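This is target-v5.cif. It holds mmCIF, C-alpha atoms and all ligand atoms.
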data_coords
loop_
_atom_site.label_atom_id
_atom_site.label_comp_id
_atom_site.auth_asym_id
_atom_site.auth_seq_id
_atom_site.Cartn_x
_atom_site.Cartn_y
_atom_site.Cartn_z
CA MET A 198 35.35 136.07 166.00
CA ASP A 199 36.87 132.84 167.42
CA ARG A 200 39.32 133.63 170.22
CA TYR A 201 42.58 131.88 171.05
CA LEU A 202 45.49 132.84 173.25
CA VAL A 203 48.65 131.66 174.94
CA PHE A 204 48.92 131.41 178.73
CA GLY A 205 52.39 131.83 180.23
CA HIS A 206 54.36 133.74 182.82
CA PRO A 207 56.22 135.65 181.54
CA VAL A 208 54.62 135.59 178.10
CA ARG A 209 54.98 139.14 176.79
CA HIS A 210 57.76 138.17 174.38
CA SER A 211 55.92 135.14 172.99
CA LYS A 212 55.95 134.83 169.21
CA SER A 213 52.78 132.70 169.19
CA PRO A 214 50.40 135.62 168.36
CA PHE A 215 52.64 136.54 165.42
CA ILE A 216 52.78 132.94 164.15
CA HIS A 217 49.06 132.17 164.55
CA THR A 218 48.00 135.45 162.98
CA LEU A 219 50.06 134.53 159.90
CA PHE A 220 48.62 130.99 159.87
CA ALA A 221 45.08 132.41 160.03
CA ARG A 222 45.76 134.82 157.18
CA GLN A 223 47.33 132.10 155.07
CA THR A 224 44.43 129.65 155.58
CA GLN A 225 41.72 132.34 155.53
CA GLN A 226 40.49 131.47 159.01
CA GLU A 227 38.77 134.21 160.99
CA LEU A 228 40.27 134.23 164.46
CA GLU A 229 42.13 136.39 166.93
CA TYR A 230 45.03 135.24 169.06
CA GLY A 231 46.24 137.04 172.19
CA LEU A 232 48.37 136.72 175.32
CA ALA A 233 47.46 136.04 178.96
CA GLU A 234 49.88 136.29 181.86
CA PRO A 235 48.00 135.28 185.01
CA ALA A 236 49.79 135.22 188.37
CA VAL A 237 51.31 131.81 188.90
CA ASP A 238 48.59 130.75 191.40
CA GLU A 239 45.74 132.15 189.27
CA PHE A 240 46.18 130.07 186.11
CA ALA A 241 43.34 127.62 186.84
CA GLN A 242 40.82 130.43 187.35
CA ALA A 243 42.07 132.36 184.30
CA LEU A 244 41.74 129.26 182.13
CA ARG A 245 38.19 128.62 183.35
CA THR A 246 37.18 132.24 182.76
CA PHE A 247 38.65 132.24 179.24
CA PHE A 248 36.56 129.27 178.16
CA GLU A 249 33.42 130.49 180.01
CA GLN A 250 33.71 133.71 178.03
CA GLY A 251 33.72 131.90 174.70
CA GLY A 252 37.39 131.10 174.09
CA LYS A 253 37.87 128.29 171.55
CA GLY A 254 41.37 127.14 172.38
CA CYS A 255 44.70 128.09 173.88
CA ASN A 256 48.36 127.33 174.07
CA VAL A 257 50.02 126.89 177.42
CA THR A 258 53.67 127.58 178.06
CA VAL A 259 56.11 127.81 180.99
CA PRO A 260 55.28 127.43 183.88
CA PHE A 261 51.73 126.15 183.35
CA LYS A 262 52.09 123.04 181.14
CA GLU A 263 52.03 120.50 183.99
CA GLN A 264 49.12 122.25 185.69
CA ALA A 265 47.18 122.36 182.42
CA PHE A 266 47.60 118.57 182.27
CA THR A 267 45.51 118.30 185.46
CA LEU A 268 42.84 120.83 184.42
CA VAL A 269 41.51 119.42 181.13
CA ASP A 270 38.68 116.87 180.74
CA HIS A 271 40.45 114.60 178.24
CA LEU A 272 44.05 114.01 177.27
CA SER A 273 45.40 112.98 173.88
CA PRO A 274 47.69 109.91 174.02
CA ARG A 275 50.74 112.10 173.32
CA ALA A 276 49.80 114.54 176.12
CA LYS A 277 49.36 111.60 178.48
CA ARG A 278 52.85 110.37 177.60
CA ALA A 279 54.37 113.83 177.89
CA GLY A 280 52.76 114.52 181.27
CA ALA A 281 52.17 118.08 180.09
CA VAL A 282 49.71 120.01 177.94
CA ASN A 283 50.68 122.84 175.59
CA THR A 284 47.46 122.96 173.52
CA ILE A 285 43.84 122.97 174.71
CA LYS A 286 40.80 122.80 172.48
CA LEU A 287 37.16 123.27 173.48
CA THR A 288 35.35 120.61 171.47
CA ASP A 289 31.85 121.03 170.03
CA ASP A 290 30.57 118.88 172.93
CA GLY A 291 31.98 121.36 175.45
CA VAL A 292 34.87 119.10 176.45
CA LEU A 293 38.34 120.54 177.15
CA LEU A 294 40.81 118.40 175.22
CA GLY A 295 44.47 118.62 176.27
CA ASP A 296 47.16 117.87 173.73
CA ASN A 297 50.93 118.23 173.47
CA THR A 298 52.39 119.28 170.12
CA ASP A 299 55.98 120.08 171.22
CA GLY A 300 57.51 116.71 170.34
CA ALA A 301 55.73 116.51 167.00
CA GLY A 302 57.01 120.03 166.28
CA LEU A 303 60.58 118.99 167.05
CA VAL A 304 60.42 115.92 164.81
CA ALA A 305 58.80 117.87 161.97
CA ASP A 306 61.54 120.50 162.17
CA LEU A 307 64.33 117.91 162.26
CA LYS A 308 62.86 116.28 159.15
CA SER A 309 62.49 119.62 157.38
CA HIS A 310 66.26 120.04 157.91
CA GLY A 311 66.86 116.63 156.31
CA VAL A 312 67.97 114.94 159.55
CA THR A 313 67.56 111.16 159.43
CA LEU A 314 66.21 109.75 162.67
CA ALA A 315 65.65 106.10 161.73
CA ASP A 316 68.61 103.93 162.81
CA SER A 317 70.44 106.95 164.17
CA ARG A 318 72.14 107.27 167.55
CA ILE A 319 70.57 110.22 169.38
CA LEU A 320 71.80 112.02 172.50
CA LEU A 321 69.15 113.99 174.36
CA LEU A 322 70.50 116.49 176.90
CA GLY A 323 68.13 117.42 179.74
CA ALA A 324 65.27 115.58 181.42
CA GLY A 325 62.75 118.35 182.00
CA GLY A 326 59.36 118.96 180.42
CA ALA A 327 60.71 119.55 176.92
CA ALA A 328 62.69 116.29 176.98
CA ARG A 329 59.67 114.37 178.25
CA GLY A 330 57.51 115.77 175.43
CA ALA A 331 60.12 114.90 172.81
CA LEU A 332 60.73 111.29 173.79
CA ALA A 333 57.72 109.47 172.35
CA PRO A 334 57.77 111.27 168.95
CA LEU A 335 61.55 110.70 168.67
CA LEU A 336 61.28 107.01 169.56
CA ALA A 337 58.44 106.61 167.04
CA GLU A 338 61.05 107.39 164.35
CA LEU A 339 62.93 104.21 165.37
CA PRO A 340 66.42 105.47 166.21
CA SER A 341 68.92 102.67 166.91
CA GLU A 342 69.57 104.16 170.37
CA LEU A 343 68.48 107.17 172.35
CA VAL A 344 70.66 108.19 175.30
CA ILE A 345 69.43 110.71 177.87
CA ALA A 346 71.99 112.69 179.87
CA ASN A 347 70.98 115.10 182.59
CA ARG A 348 72.72 117.09 185.33
CA THR A 349 70.49 115.33 187.87
CA HIS A 350 71.11 111.77 186.72
CA ALA A 351 68.15 110.27 188.61
CA LYS A 352 65.74 112.27 186.43
CA ALA A 353 67.31 110.85 183.25
CA GLN A 354 67.05 107.35 184.72
CA GLN A 355 63.41 107.93 185.58
CA LEU A 356 62.62 109.08 182.01
CA ALA A 357 64.49 106.17 180.43
CA ALA A 358 62.53 103.73 182.60
CA GLU A 359 59.24 105.40 181.71
CA PHE A 360 59.82 105.30 177.94
CA CYS A 361 61.78 102.05 177.52
CA ASP A 362 58.67 100.28 176.21
CA LEU A 363 58.84 102.51 173.11
CA GLY A 364 62.40 101.77 172.02
CA HIS A 365 66.04 101.48 172.99
CA VAL A 366 66.40 104.31 175.47
CA THR A 367 69.02 104.52 178.23
CA ALA A 368 70.30 107.08 180.74
CA GLN A 369 73.99 107.94 181.09
CA THR A 370 75.82 110.56 183.10
CA TYR A 371 77.64 113.26 181.12
CA GLU A 372 80.91 111.58 182.15
CA GLN A 373 79.80 108.19 180.81
CA LEU A 374 78.94 109.44 177.30
CA ALA A 375 81.10 107.83 174.61
CA GLY A 376 81.04 106.71 171.00
CA SER A 377 79.69 108.50 167.99
CA PHE A 378 76.28 110.18 168.06
CA ASP A 379 74.47 111.21 164.87
CA LEU A 380 72.34 113.85 166.56
CA VAL A 381 72.56 115.81 169.81
CA ILE A 382 69.42 117.58 171.01
CA ASN A 383 69.88 120.15 173.75
CA SER A 384 66.67 120.37 175.74
CA THR A 385 68.31 121.90 178.81
CA SER A 386 67.54 125.43 179.85
CA ALA A 387 71.27 126.08 180.44
CA SER A 388 71.45 128.63 177.63
CA LEU A 389 68.93 130.81 179.47
CA GLN A 390 71.76 131.61 181.91
CA GLY A 391 74.34 131.63 179.12
CA GLU A 392 75.63 128.28 180.46
CA LEU A 393 76.55 125.06 178.67
CA PRO A 394 75.63 121.49 179.52
CA PRO A 395 78.87 119.75 180.57
CA LEU A 396 79.41 117.82 177.34
CA ALA A 397 82.90 116.63 176.37
CA PRO A 398 84.09 118.38 173.14
CA ALA A 399 85.38 115.00 171.91
CA LEU A 400 81.74 113.98 171.28
CA ILE A 401 81.38 116.62 168.56
CA HIS A 402 82.46 115.67 165.03
CA THR A 403 81.91 117.15 161.59
CA ASP A 404 79.04 114.85 160.62
CA ILE A 405 77.02 115.29 163.80
CA ALA A 406 73.74 117.21 163.72
CA ILE A 407 73.22 119.63 166.60
CA TYR A 408 69.76 120.83 167.66
CA ASP A 409 69.20 123.40 170.41
CA MET A 410 65.58 123.84 171.47
CA MET A 411 66.51 127.38 172.53
CA TYR A 412 66.57 130.13 169.94
CA GLY A 413 67.44 133.76 169.63
CA ALA A 414 68.51 136.46 167.21
CA SER A 415 72.05 135.04 167.24
CA ASP A 416 73.58 131.60 167.87
CA THR A 417 72.78 130.13 171.28
CA ALA A 418 75.71 129.41 173.59
CA PHE A 419 75.39 125.70 172.80
CA ILE A 420 75.36 126.17 169.03
CA SER A 421 78.39 128.50 169.17
CA TRP A 422 80.23 125.93 171.28
CA ALA A 423 79.34 123.05 168.93
CA LYS A 424 80.46 125.05 165.88
CA GLN A 425 83.76 125.84 167.60
CA HIS A 426 84.30 122.11 168.00
CA GLY A 427 83.61 121.30 164.37
CA ALA A 428 79.86 120.68 164.03
CA ARG A 429 78.71 121.68 160.56
CA GLN A 430 74.95 121.17 160.86
CA THR A 431 73.43 123.22 163.66
CA MET A 432 69.76 124.12 164.17
CA ASP A 433 67.98 126.17 166.80
CA GLY A 434 64.45 125.79 168.18
CA LEU A 435 62.76 128.46 166.10
CA GLY A 436 61.57 125.90 163.57
CA MET A 437 60.25 123.73 166.40
CA LEU A 438 58.30 126.71 167.70
CA VAL A 439 56.63 127.22 164.32
CA GLU A 440 56.02 123.49 163.76
CA GLN A 441 54.43 122.92 167.20
CA ALA A 442 52.22 125.95 166.50
CA ALA A 443 51.19 124.51 163.11
CA GLU A 444 50.26 121.27 164.84
CA ALA A 445 48.17 123.17 167.43
CA PHE A 446 46.48 125.19 164.68
CA THR A 447 45.59 121.91 162.95
CA VAL A 448 44.08 120.55 166.19
CA TRP A 449 41.91 123.67 166.55
CA ARG A 450 40.91 124.40 162.96
CA GLY A 451 41.23 121.06 161.16
CA ILE A 452 43.41 122.67 158.53
CA ARG A 453 47.22 122.46 158.38
CA PRO A 454 49.03 125.71 157.62
CA GLY A 455 52.30 125.80 155.70
CA THR A 456 55.30 126.64 157.88
CA LYS A 457 58.15 127.65 155.54
CA GLN A 458 56.95 131.16 154.74
CA VAL A 459 55.90 131.81 158.34
CA LEU A 460 59.32 130.73 159.61
CA ARG A 461 60.94 133.11 157.14
CA GLU A 462 58.74 135.98 158.32
CA LEU A 463 59.44 135.15 161.94
CA LYS A 464 63.19 135.21 161.29
CA ARG A 465 62.79 138.58 159.61
CA ASN A 466 60.75 139.80 162.60
CA LEU A 467 63.49 138.65 165.00
CA GLY A 468 66.21 140.20 162.88
CA VAL A 469 67.83 136.82 162.14
CA ILE A 470 67.73 137.43 158.37
P1 LIG A 501 62.71 122.40 182.56
O1 LIG A 501 62.94 123.45 183.59
O2 LIG A 501 61.59 121.44 182.73
O3 LIG A 501 64.05 121.51 182.43
C1 LIG A 501 65.30 122.11 182.32
C2 LIG A 501 66.37 121.05 182.10
O4 LIG A 501 67.61 121.73 181.87
C3 LIG A 501 66.59 120.11 183.28
O5 LIG A 501 66.86 118.83 182.79
C4 LIG A 501 67.82 120.72 183.97
O6 LIG A 501 68.59 119.80 184.67
C5 LIG A 501 68.60 121.21 182.78
N1 LIG A 501 69.53 122.30 183.10
C6 LIG A 501 69.24 123.56 183.51
N2 LIG A 501 70.35 124.29 183.66
C7 LIG A 501 71.39 123.47 183.36
C8 LIG A 501 72.80 123.65 183.33
N3 LIG A 501 73.36 124.82 183.66
N4 LIG A 501 73.56 122.61 182.93
C9 LIG A 501 73.00 121.42 182.59
N5 LIG A 501 71.66 121.20 182.59
C10 LIG A 501 70.87 122.21 182.98
O7 LIG A 501 62.61 123.19 181.18
P2 LIG A 501 61.88 122.69 179.84
O8 LIG A 501 62.24 121.26 179.63
O9 LIG A 501 60.46 123.07 179.86
O10 LIG A 501 62.57 123.62 178.73
C11 LIG A 501 63.94 123.42 178.35
C12 LIG A 501 64.33 124.34 177.22
O11 LIG A 501 63.63 124.00 176.02
C13 LIG A 501 64.02 125.82 177.51
O12 LIG A 501 65.14 126.57 177.13
C14 LIG A 501 62.83 126.12 176.61
O13 LIG A 501 62.86 127.46 176.18
C15 LIG A 501 63.09 125.16 175.44
N6 LIG A 501 61.85 124.82 174.72
C16 LIG A 501 61.72 125.18 173.40
C17 LIG A 501 60.59 124.89 172.69
C18 LIG A 501 60.49 125.31 171.24
O14 LIG A 501 59.40 125.28 170.67
N7 LIG A 501 61.59 125.67 170.62
C19 LIG A 501 59.44 124.18 173.30
C20 LIG A 501 59.68 123.80 174.68
C21 LIG A 501 60.84 124.14 175.36
P3 LIG A 501 68.22 119.35 186.21
O15 LIG A 501 67.17 118.29 186.06
O16 LIG A 501 69.49 118.85 186.75
O17 LIG A 501 67.71 120.59 186.90
#
In structure tokens, write the structure found in this file.
Ligand code: NDP
Amino acid sequence: MDRYLVFGHPVRHSKSPFIHTLFARQTQQELEYGLAEPAVDEFAQALRTFFEQGGKGCNVTVPFKEQAFTLVDHLSPRAKRAGAVNTIKLTDDGVLLGDNTDGAGLVADLKSHGVTLADSRILLLGAGGAARGALAPLLAELPSELVIANRTHAKAQQLAAEFCDLGHVTAQTYEQLAGSFDLVINSTSASLQGELPPLAPALIHTDIAIYDMMYGASDTAFISWAKQHGARQTMDGLGMLVEQAAEAFTVWRGIRPGTKQVLRELKRNLGVI
């Protein structure tokens, strides 16, 4: 049977095996999908061994995405732009192809929630790996402006400079942010520590759409905060997780699984519904 898995550390709580097992059942593909948690300095060897032993493809998550970028034979254009790889496929010619499906997953999920990206003013919080992966797919939707704000301002400036050929993208400090945004995307890891990015409440209004890449069984700290300040449309990153997985599955199997039912089952599994 064709073997796939996700590499991460820690990875025990990953929902990827659950999601891909449902995709395989739905599309009648025969495959198994597991977990691998190599020590942080043993990822390269573990990846090599997996493919030597017949593995067909894998996902890569924190903290290995940047390292995976350096270990594959070929990079897709979107992986090149993202500077990180979250999906690897062994091609029929024995080539390891590195791809990045995170940004496509985010955009697909935003669209499935009816969020309009064209001509919109977007605020992206954070300038880490997730922000980097999101930038090209977001800019491809032709927003009127995309502003990046990050605790370490120099990193936001660096990202804006790197992506300014793709659209109107600028960096501002949290203190500089002003005017009305249509969409705020939180790509910081602040919620992991129960913290909030230092965003002024005045930026939140009833018609703003709020997206937190984090997810959990209940509202993330950022979503709770945004609701308190009047945001009516809030979304967490669970849909992004399922959509990026669907994109990876498509890369591996050449067949696109449906995501709606799988997302519903995942929510049930997490106790969200
Ligand atoms: P990184 O570690 O690369 O980046 C973290 C970012 O968060 C940095 O910009 C950092 O700022 C900022 N940050 C951290 N703590 C705070 C804080 N207290 N206040 C303000 N900013 C803060 O992480 P990733 O980009 O890889 O991941 C970010 C989040 O996105 C994670 O929570 C991850 O789970 C989620 N994610 C979700 C996915 C999904 O499918 N739903 C896919 C990928 C990621 P600084 O530069 O100043 O350190």
Give me the residues near Leu335 in chain A as a PyMOL selection string, where near means some atom within 9 Å (using only C-alpha atoms) and where sequence neighbours in that chain fewer than 5 positions away do not count. chain A and resi 300-301+303-304+314+340+343
Please find the residues contacting ligand LIG 501 (chain A) at a distance of at most 7 Å between atoms, with all atoms listed in the file counted, and report them as a PyMOL selection string. chain A and resi 259+299+323-328+347-349+352+384-389+392-395+410-412+434-435+437-438+441
Give me, please, the distance in Å between CA of Asp289 in chain A and CA of Glu229 in chain A, quoted to one decimal. 18.7 Å
Mind pulling up the distance from CA of Leu244 in chain A to CA of Gly451 in chain A?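 Between CA of Gly451 in chain A and CA of Leu244 in chain A the gap works out to 22.5 Å.
Of the listed residues A:Val381, A:Leu320, A:Leu272, A:Leu339, the one whose atoms come nearest to Thr367 in chain A is A:Leu320, with distances taken using all atoms listed in the file.
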Contact residues around Thr224 in chain A with all atoms listed in the file at 9 Å, ignoring same-chain residues under 6 positions, as a ChimeraX atom specification: /A:452-455
Just how far from CA of Leu460 in chain A is CA of Leu293 in chain A, in Å to one decimal? 29.2 Å
Nearby residues (all atoms listed in the file) at most 8 Å from Val282 in chain A, same-chain spacing under 4 positions excluded, as a PDB file with C-alpha atoms, keeping the file's coordinate frame:
ATOM      1  CA  VAL A 257      50.020 126.890 177.420  1.00  0.00           C
ATOM      2  CA  LYS A 262      52.090 123.040 181.140  1.00  0.00           C
ATOM      3  CA  GLU A 263      52.030 120.500 183.990  1.00  0.00           C
ATOM      4  CA  ALA A 265      47.180 122.360 182.420  1.00  0.00           C
ATOM      5  CA  PHE A 266      47.600 118.570 182.270  1.00  0.00           C
ATOM      6  CA  ALA A 276      49.800 114.540 176.120  1.00  0.00           C
ATOM      7  CA  GLY A 295      44.470 118.620 176.270  1.00  0.00           C
ATOM      8  CA  ASP A 296      47.160 117.870 173.730  1.00  0.00           C
ATOM      9  CA  ASN A 297      50.930 118.230 173.470  1.00  0.00           C
TER      10      ASN A 297
END
May I ask which of the residues A:Leu219, A:Val448, A:Ala423, A:Val312 is the closest one to Ala399 in chain A, counting only C-alpha atoms?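 Closest to Ala399 in chain A of all the choices is A:Ala423.
Contact shell of Ser211 in chain A at 10 Å (only C-alpha atoms; same-chain neighbours under 5 positions omitted): Val203, Phe204, Gly205, Ile216, Gly231, Leu232 and Thr258 of chain A.
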Residue neighbourhood Leu396 in chain A, 10 Å, only C-alpha atoms, exclusion window fewer than 5 positions, as a PDB file with C-alpha atoms, in the coordinates of the input:
ATOM      1  CA  LEU A 322      70.500 116.490 176.900  1.00  0.00           C
ATOM      2  CA  ALA A 346      71.990 112.690 179.870  1.00  0.00           C
ATOM      3  CA  THR A 370      75.820 110.560 183.100  1.00  0.00           C
ATOM      4  CA  TYR A 371      77.640 113.260 181.120  1.00  0.00           C
ATOM      5  CA  GLU A 372      80.910 111.580 182.150  1.00  0.00           C
ATOM      6  CA  LEU A 374      78.940 109.440 177.300  1.00  0.00           C
ATOM      7  CA  ILE A 401      81.380 116.620 168.560  1.00  0.00           C
ATOM      8  CA  PHE A 419      75.390 125.700 172.800  1.00  0.00           C
ATOM      9  CA  ALA A 423      79.340 123.050 168.930  1.00  0.00           C
TER      10      ALA A 423
END
Once you count only C-alpha atoms, which residues end up no further than 9 Å from (38.1, 132.6, 170.9) in the file's frame, shown as a VMD selection string? chain A and resid 198 to 202 228 to 230 247 to 248 250 to 255
Can range 389-424 of chain A be brought up to N, CA and C atoms and written out as a compact mmCIF listing (two decimals), in the coordinates of the input?
# COMPACT_ATOMS: atom_id res chain seq x y z
N LEU A 389 69.65 129.66 178.91
CA LEU A 389 68.93 130.81 179.47
C LEU A 389 69.84 131.62 180.39
N GLN A 390 70.78 130.91 181.04
CA GLN A 390 71.76 131.61 181.91
C GLN A 390 73.10 131.75 181.19
N GLY A 391 73.09 131.55 179.87
CA GLY A 391 74.34 131.63 179.12
C GLY A 391 75.30 130.50 179.49
N GLU A 392 74.77 129.40 180.05
CA GLU A 392 75.63 128.28 180.46
C GLU A 392 75.58 127.17 179.44
N LEU A 393 76.50 126.21 179.59
CA LEU A 393 76.55 125.06 178.67
C LEU A 393 76.33 123.78 179.45
N PRO A 394 75.64 122.80 178.87
CA PRO A 394 75.63 121.49 179.52
C PRO A 394 77.05 120.93 179.47
N PRO A 395 77.47 120.18 180.49
CA PRO A 395 78.87 119.75 180.57
C PRO A 395 79.20 118.57 179.63
N LEU A 396 79.20 118.85 178.36
CA LEU A 396 79.41 117.82 177.34
C LEU A 396 80.88 117.85 176.90
N ALA A 397 81.50 116.68 176.78
CA ALA A 397 82.90 116.63 176.37
C ALA A 397 83.02 117.04 174.89
N PRO A 398 83.92 117.96 174.54
CA PRO A 398 84.09 118.38 173.14
C PRO A 398 84.39 117.21 172.21
N ALA A 399 85.00 116.15 172.75
CA ALA A 399 85.38 115.00 171.91
C ALA A 399 84.14 114.33 171.29
N LEU A 400 82.96 114.60 171.84
CA LEU A 400 81.74 113.98 171.28
C LEU A 400 81.27 114.68 170.01
N ILE A 401 81.80 115.86 169.75
CA ILE A 401 81.38 116.62 168.56
C ILE A 401 82.29 116.25 167.39
N HIS A 402 81.69 115.97 166.24
CA HIS A 402 82.46 115.67 165.03
C HIS A 402 81.78 116.34 163.84
N THR A 403 82.43 116.34 162.72
CA THR A 403 81.91 117.15 161.59
C THR A 403 80.57 116.66 161.08
N ASP A 404 80.29 115.37 161.20
CA ASP A 404 79.04 114.85 160.62
C ASP A 404 77.89 114.79 161.61
N ILE A 405 78.09 115.34 162.79
CA ILE A 405 77.02 115.29 163.80
C ILE A 405 76.02 116.41 163.52
N ALA A 406 74.75 116.15 163.82
CA ALA A 406 73.74 117.21 163.72
C ALA A 406 73.46 117.71 165.14
N ILE A 407 73.42 119.02 165.29
CA ILE A 407 73.22 119.63 166.60
C ILE A 407 71.91 120.40 166.59
N TYR A 408 71.04 120.11 167.57
CA TYR A 408 69.76 120.83 167.66
C TYR A 408 69.65 121.44 169.06
N ASP A 409 69.45 122.74 169.12
CA ASP A 409 69.20 123.40 170.41
C ASP A 409 67.76 123.88 170.43
N MET A 410 66.99 123.41 171.41
CA MET A 410 65.58 123.84 171.47
C MET A 410 65.45 125.34 171.75
N MET A 411 66.50 125.93 172.31
CA MET A 411 66.51 127.38 172.53
C MET A 411 66.69 128.09 171.19
N TYR A 412 66.33 129.35 171.16
CA TYR A 412 66.57 130.13 169.94
C TYR A 412 66.75 131.58 170.33
N GLY A 413 67.25 132.34 169.38
CA GLY A 413 67.44 133.76 169.63
C GLY A 413 67.86 134.43 168.34
N ALA A 414 68.14 135.71 168.42
CA ALA A 414 68.51 136.46 167.21
C ALA A 414 69.89 136.03 166.73
N SER A 415 70.73 135.54 167.66
CA SER A 415 72.05 135.04 167.24
C SER A 415 72.22 133.62 167.78
N ASP A 416 73.35 132.99 167.44
CA ASP A 416 73.58 131.60 167.87
C ASP A 416 73.45 131.47 169.39
N THR A 417 72.83 130.40 169.83
CA THR A 417 72.78 130.13 171.28
C THR A 417 74.19 129.74 171.73
N ALA A 418 74.39 129.78 173.04
CA ALA A 418 75.71 129.41 173.59
C ALA A 418 76.08 127.99 173.14
N PHE A 419 75.11 127.10 173.14
CA PHE A 419 75.39 125.70 172.80
C PHE A 419 75.76 125.55 171.32
N ILE A 420 75.05 126.25 170.47
CA ILE A 420 75.36 126.17 169.03
C ILE A 420 76.74 126.77 168.75
N SER A 421 77.05 127.91 169.37
CA SER A 421 78.39 128.50 169.17
C SER A 421 79.47 127.51 169.59
N TRP A 422 79.26 126.89 170.74
CA TRP A 422 80.23 125.93 171.28
C TRP A 422 80.40 124.74 170.31
N ALA A 423 79.27 124.21 169.83
CA ALA A 423 79.34 123.05 168.93
C ALA A 423 80.05 123.41 167.63
N LYS A 424 79.78 124.60 167.12
CA LYS A 424 80.46 125.05 165.88
C LYS A 424 81.97 125.15 166.11
